[in-house]
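Read through the structure below, which is laid out as structure tokens, and then see the notes.
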Amino acid sequence: MDFRKITEENSNHEHLEHKSVLELLTAINNEDKTVALAVEKQIPAIESLVHVTAPKMKAGGRLFYIGAGTSGRLGILDASECPPTFGVAFDKVIGLIAGGDTAIRKAVENAEDDSSQAIIDLQQWKLTINDIVIGIAASGTTPYVIGGLEACNALGITTGCITCNENSPLHKVAQYPIVPVVGPEFITGSSRMKAGTAQKMVLNMISTTLMIQLGHVKGNKMVDMQLSNDKLVDRGTRMIMDATGLSYDNAFNLLKTHGSVRAAVDHFGIC
């Protein structure tokens, strides 16, 4: 390999078993403080990916995340939160994990080593030229993810990636790579830690910015969120109060009548 697999390098901390709880917590926190700075350096790369993704999604395209292990779970987490938060269809942002849904909770042996499975999983969703596929792998060497992006490239489908090793195979295969280099993990090789945090931060930035670009946020409010529980109904009611000056009861009734914050405020004549 012609790159440093920094995510697998020895921790900067030794003799962890002899440290106090306070020493461990402080050291982990100090390592975590470096993650946001690594992500900050990737803002231009994230911007490029969002710029190419937004118009495709406006044209009916979908955003896919593919990954294995922690990386796959983080993609599924981000995708699963888009419908309740922004009111988009469940199949607008889709997370796929090596080994299928079983692997969300329990590792599936050797699933990540199959370089041909990701495109099979993706094609179950009938990929189109307007779709975007982002591969997530801390190491940048996961065959499931690399193979998936290679197949997408061959089909003319836009690809991006989130990895924490520069010049890794995944970095090289993605058309729009995002590479926050967070350095060695606190526990050697435990990429669910800093690498996972960096991936989650980048996913937050991508999906949130896209949803704003797609019109699912007004001001700073989630006006299209699903009213799936009492907390969200209360939040929606208070959003309407802020926008209209109505009392709580009147705002609540308006929300119940129209079914969403956007529809309620539109009816009131604010938008």
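In the structure tokens, chains take the letters A, B, ... in the order shown, each chain's residues start at 1, and ligands count up from 1 in the order shown.
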
Which of region 116-198 of chain A fall in helix (DSSP H, G or I), as a PyMOL selection string: chain A and resi 117-123+143-154+169-173+194-198

Please produce, as a tab-separated table, a per-residue contact table for region 70-188 of chain A versus region 200-216 of chain A (criterion: any atom at most 9 Å away, only C-alpha atoms considered), showing the nearest atom pair and its distance in Å to one decimal, sorted by chain then residue number.
residue	atom	partner	partner_atom	distance
A:Ser71	CA	A:Lys200	CA	8.9
A:Leu74	CA	A:Lys200	CA	6.4
A:Gly75	CA	A:Leu203	CA	7.5
A:Asp78	CA	A:Leu203	CA	6.7
A:Ala79	CA	A:Ser207	CA	8.3
A:Cys82	CA	A:Ser207	CA	7.7
A:Phe86	CA	A:His216	CA	5.7
A:Gly87	CA	A:His216	CA	7.6
A:Val88	CA	A:His216	CA	8.4
A:Val93	CA	A:Ser207	CA	8.6
A:Ile162	CA	A:Val202	CA	7.8
A:Ile178	CA	A:Val202	CA	8.4
A:Pro180	CA	A:Val202	CA	8.8

Residue contacts of region 16-30 of chain A (10 Å, only C-alpha atoms) excluding same-chain residues fewer than 6 positions away, as a PyMOL selection string: chain A and resi 185-187+193-194

Contact residues around region 253-268 of chain A with only C-alpha atoms at 8 Å, ignoring same-chain residues under 2 positions, as a PDB file with C-alpha atoms, in the first residue's frame:
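Result file follows (around33.pdb):
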ATOM      1  CA  VAL A 223     -41.137  23.132   9.300  1.00  0.00           C
ATOM      2  CA  ASP A 224     -41.609  19.763   7.563  1.00  0.00           C
ATOM      3  CA  MET A 225     -40.830  17.523  10.542  1.00  0.00           C
ATOM      4  CA  GLN A 226     -43.118  14.571  11.204  1.00  0.00           C
ATOM      5  CA  LEU A 227     -45.457  15.013  14.160  1.00  0.00           C
ATOM      6  CA  GLY A 236     -44.414  22.317  16.196  1.00  0.00           C
ATOM      7  CA  THR A 237     -47.007  24.250  18.171  1.00  0.00           C
ATOM      8  CA  MET A 239     -42.894  27.084  16.060  1.00  0.00           C
ATOM      9  CA  ILE A 240     -46.328  28.263  14.925  1.00  0.00           C
ATOM     10  CA  ALA A 243     -44.269  32.620  13.455  1.00  0.00           C
ATOM     11  CA  THR A 244     -47.814  33.859  13.999  1.00  0.00           C
ATOM     12  CA  ASP A 249     -54.091  26.562  22.138  1.00  0.00           C
ATOM     13  CA  ASN A 250     -54.805  28.305  18.850  1.00  0.00           C
ATOM     14  CA  ALA A 251     -51.452  27.295  17.413  1.00  0.00           C
ATOM     15  CA  ILE A 270     -47.047  34.163   6.887  1.00  0.00           C
ATOM     16  CA  CYS A 271     -45.220  32.358   4.084  1.00  0.00           C
TER      17      CYS A 271
END

Per-residue nearest contacts of region 102-142 of chain A to region 57-68 of chain A (9 Å; only C-alpha atoms) as CSV:
residue,atom,partner,partner_atom,distance
A:Ala103,CA,A:Ala68,CA,8.3
A:Ala111,CA,A:Ala68,CA,7.9
A:Glu112,CA,A:Ala68,CA,5.7
A:Ala118,CA,A:Ile66,CA,7.4
A:Leu122,CA,A:Phe64,CA,8.2
A:Leu127,CA,A:Arg62,CA,8.7
A:Thr128,CA,A:Gly61,CA,7.3
A:Ile129,CA,A:Gly61,CA,7.7
A:Asn130,CA,A:Gly61,CA,4.4
A:Asp131,CA,A:Gly61,CA,4.5
A:Ile132,CA,A:Leu63,CA,5.0
A:Val133,CA,A:Phe64,CA,4.7
A:Ile134,CA,A:Tyr65,CA,4.9
A:Gly135,CA,A:Ile66,CA,4.9
A:Ile136,CA,A:Gly67,CA,5.0
A:Ala137,CA,A:Gly67,CA,6.1
A:Thr142,CA,A:Ala68,CA,7.6

Convert the current residue selection to file output with C-alpha atoms, as a PDB file, in the first residue's frame.
ATOM      1  CA  ALA A 103     -25.449  -6.204  10.722  1.00  0.00           C
ATOM      2  CA  ALA A 111     -19.606  -9.229   4.873  1.00  0.00           C
ATOM      3  CA  GLU A 112     -17.324  -6.228   4.414  1.00  0.00           C
ATOM      4  CA  ALA A 118     -22.641  -3.330  -2.514  1.00  0.00           C
ATOM      5  CA  LEU A 122     -27.771  -0.687  -4.404  1.00  0.00           C
ATOM      6  CA  LEU A 127     -30.251   3.212  -9.248  1.00  0.00           C
ATOM      7  CA  THR A 128     -30.608   6.127 -11.654  1.00  0.00           C
ATOM      8  CA  ILE A 129     -28.191   8.666 -13.051  1.00  0.00           C
ATOM      9  CA  ASN A 130     -29.539  11.275 -10.620  1.00  0.00           C
ATOM     10  CA  ASP A 131     -28.613   9.213  -7.558  1.00  0.00           C
ATOM     11  CA  ILE A 132     -25.505   9.889  -5.458  1.00  0.00           C
ATOM     12  CA  VAL A 133     -23.592   7.210  -3.553  1.00  0.00           C
ATOM     13  CA  ILE A 134     -21.296   8.082  -0.650  1.00  0.00           C
ATOM     14  CA  GLY A 135     -18.998   5.360   0.661  1.00  0.00           C
ATOM     15  CA  ILE A 136     -18.074   5.531   4.343  1.00  0.00           C
ATOM     16  CA  ALA A 137     -15.001   3.714   5.673  1.00  0.00           C
ATOM     17  CA  THR A 142     -13.158  -1.790   2.951  1.00  0.00           C
TER      18      THR A 142
END
